[in-house]
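Visitor: Enclosed is the structure file entry.cif (mmCIF, C-alpha atoms and all ligand atoms; chains and numbers go by the auth columns).
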```
data_input
loop_
_atom_site.group_PDB
_atom_site.id
_atom_site.type_symbol
_atom_site.label_atom_id
_atom_site.label_comp_id
_atom_site.label_asym_id
_atom_site.label_seq_id
_atom_site.Cartn_x
_atom_site.Cartn_y
_atom_site.Cartn_z
_atom_site.B_iso_or_equiv
_atom_site.auth_seq_id
_atom_site.auth_asym_id
ATOM 1 C CA MET A 1 4.522 11.710 8.136 0.00 23 A
ATOM 2 C CA GLY A 2 7.142 9.026 8.519 0.00 24 A
ATOM 3 C CA ALA A 3 7.759 6.172 6.190 0.00 25 A
ATOM 4 C CA HIS A 4 6.362 3.576 8.473 0.00 26 A
ATOM 5 C CA LYS A 5 6.104 0.109 7.138 0.00 27 A
ATOM 6 C CA TYR A 6 3.090 -1.960 7.923 0.00 28 A
ATOM 7 C CA TYR A 7 2.485 -5.374 6.540 0.00 29 A
ATOM 8 C CA THR A 8 -0.867 -6.809 7.368 0.00 30 A
ATOM 9 C CA VAL A 9 -1.138 -9.276 4.539 0.00 31 A
ATOM 10 C CA ASN A 10 -3.924 -11.695 5.021 0.00 32 A
ATOM 11 C CA GLU A 11 -3.268 -15.040 3.420 0.00 33 A
ATOM 12 C CA ASN A 12 -6.836 -15.098 2.210 0.00 34 A
ATOM 13 C CA LYS A 13 -6.427 -11.786 0.448 0.00 35 A
ATOM 14 C CA ILE A 14 -2.931 -12.194 -0.907 0.00 36 A
ATOM 15 C CA THR A 15 -4.240 -12.913 -4.366 0.00 37 A
ATOM 16 C CA ARG A 16 -6.229 -9.732 -4.415 0.00 38 A
ATOM 17 C CA THR A 17 -5.143 -7.215 -6.998 0.00 39 A
ATOM 18 C CA LYS A 18 -3.201 -4.415 -5.415 0.00 40 A
ATOM 19 C CA PRO A 19 -2.627 -0.927 -6.765 0.00 41 A
ATOM 20 C CA PHE A 20 0.820 0.185 -7.803 0.00 42 A
ATOM 21 C CA CYS A 21 2.645 3.092 -6.245 0.00 43 A
ATOM 22 C CA PRO A 22 2.285 6.187 -8.469 0.00 44 A
ATOM 23 C CA LYS A 23 5.759 7.319 -7.506 0.00 45 A
ATOM 24 C CA CYS A 24 7.674 4.063 -7.776 0.00 46 A
ATOM 25 C CA GLY A 25 5.700 2.798 -10.734 0.00 47 A
ATOM 26 C CA SER A 26 4.654 -0.687 -11.667 0.00 48 A
ATOM 27 C CA GLY A 27 6.235 -3.472 -9.646 0.00 49 A
ATOM 28 C CA VAL A 28 5.871 -1.683 -6.318 0.00 50 A
ATOM 29 C CA PHE A 29 2.612 -2.438 -4.626 0.00 51 A
ATOM 30 C CA LEU A 30 0.823 -0.367 -2.036 0.00 52 A
ATOM 31 C CA ALA A 31 0.048 -2.014 1.274 0.00 53 A
ATOM 32 C CA GLU A 32 -3.639 -1.841 2.001 0.00 54 A
ATOM 33 C CA HIS A 33 -5.030 -0.648 5.301 0.00 55 A
ATOM 34 C CA ALA A 34 -8.455 0.062 6.691 0.00 56 A
ATOM 35 C CA ASP A 35 -8.652 3.599 5.338 0.00 57 A
ATOM 36 C CA ARG A 36 -5.449 4.106 3.393 0.00 58 A
ATOM 37 C CA MET A 37 -2.759 2.516 1.284 0.00 59 A
ATOM 38 C CA THR A 38 0.931 2.995 1.791 0.00 60 A
ATOM 39 C CA CYS A 39 4.065 2.306 -0.210 0.00 61 A
ATOM 40 C CA GLY A 40 6.722 0.409 1.725 0.00 62 A
ATOM 41 C CA ARG A 41 9.422 1.755 -0.530 0.00 63 A
ATOM 42 C CA CYS A 42 8.984 5.530 -0.701 0.00 64 A
ATOM 43 C CA GLY A 43 6.440 6.025 2.052 0.00 65 A
ATOM 44 C CA TYR A 44 3.725 7.290 -0.250 0.00 66 A
ATOM 45 C CA THR A 45 0.344 7.245 1.454 0.00 67 A
ATOM 46 C CA LYS A 46 -2.958 7.325 -0.345 0.00 68 A
ATOM 47 C CA TYR A 47 -6.030 7.856 1.770 0.00 69 A
ATOM 48 C CA SER A 48 -9.106 6.089 0.523 0.00 70 A
ATOM 49 C CA LYS A 49 -11.467 7.791 2.929 0.00 71 A
ATOM 50 C CA LYS A 50 -14.901 8.280 1.482 0.00 72 A
HETATM 51 ZN ZN ZN B . 6.474 4.205 -3.692 0.00 101 B
#
```
Let me see the structure of the file written as structure tokens.
Ligand SMILES: [Zn+2]
Guide:
Amino acid sequence: MGAHKYYTVNENKITRTKPFCPKCGSGVFLAEHADRMTCGRCGYTKYSKK
């Protein structure tokens, strides 16, 4: 998996609380996607598939 960066920030959701990256620690947010969250810094991807 590559460290692709995707930023799909919706202005209406920008105030929504985002999870921190478990690798980078607090201060680095994960970018939310339809079925996963990714870190734009280290490339960490967390799948939230249910
Ligand atoms: Zn990270």
Visitor: Using all atoms listed in the file, which of the listed residues (A:Ser48, A:Cys43, A:Arg58, A:Ser70) sits closest to ligand ZN 101 (chain B)?
Guide: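 Distance minimum relative to ligand ZN 101 (chain B) lands on A:Cys43.
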Visitor: All residues within 6 Å of ligand ZN 101 (chain B) are required, counting only C-alpha atoms and all ligand atoms; please report them as a PyMOL selection string.
Guide: chain A and resi 43+45-46+61+63-64+66
Visitor: With 5 Å of padding per side, what axis-aligned box (centre and edge lengths, Å, one decimal) covers all the listed atoms of segment 44-48 of chain A? Give it as JSON.
Guide:
```
{"center_x": 5.0, "center_y": 3.3, "center_z": -9.6, "size_x": 15.4, "size_y": 18.0, "size_z": 14.2}
```
Visitor: Just to confirm, what's the straight-line distance from atom CA of His55 of chain A to atom CA of Pro41 of chain A in Å (one decimal)?
Guide: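 Spanning atom CA of His55 of chain A to atom CA of Pro41 of chain A is a straight-line distance of 12.3 Å.
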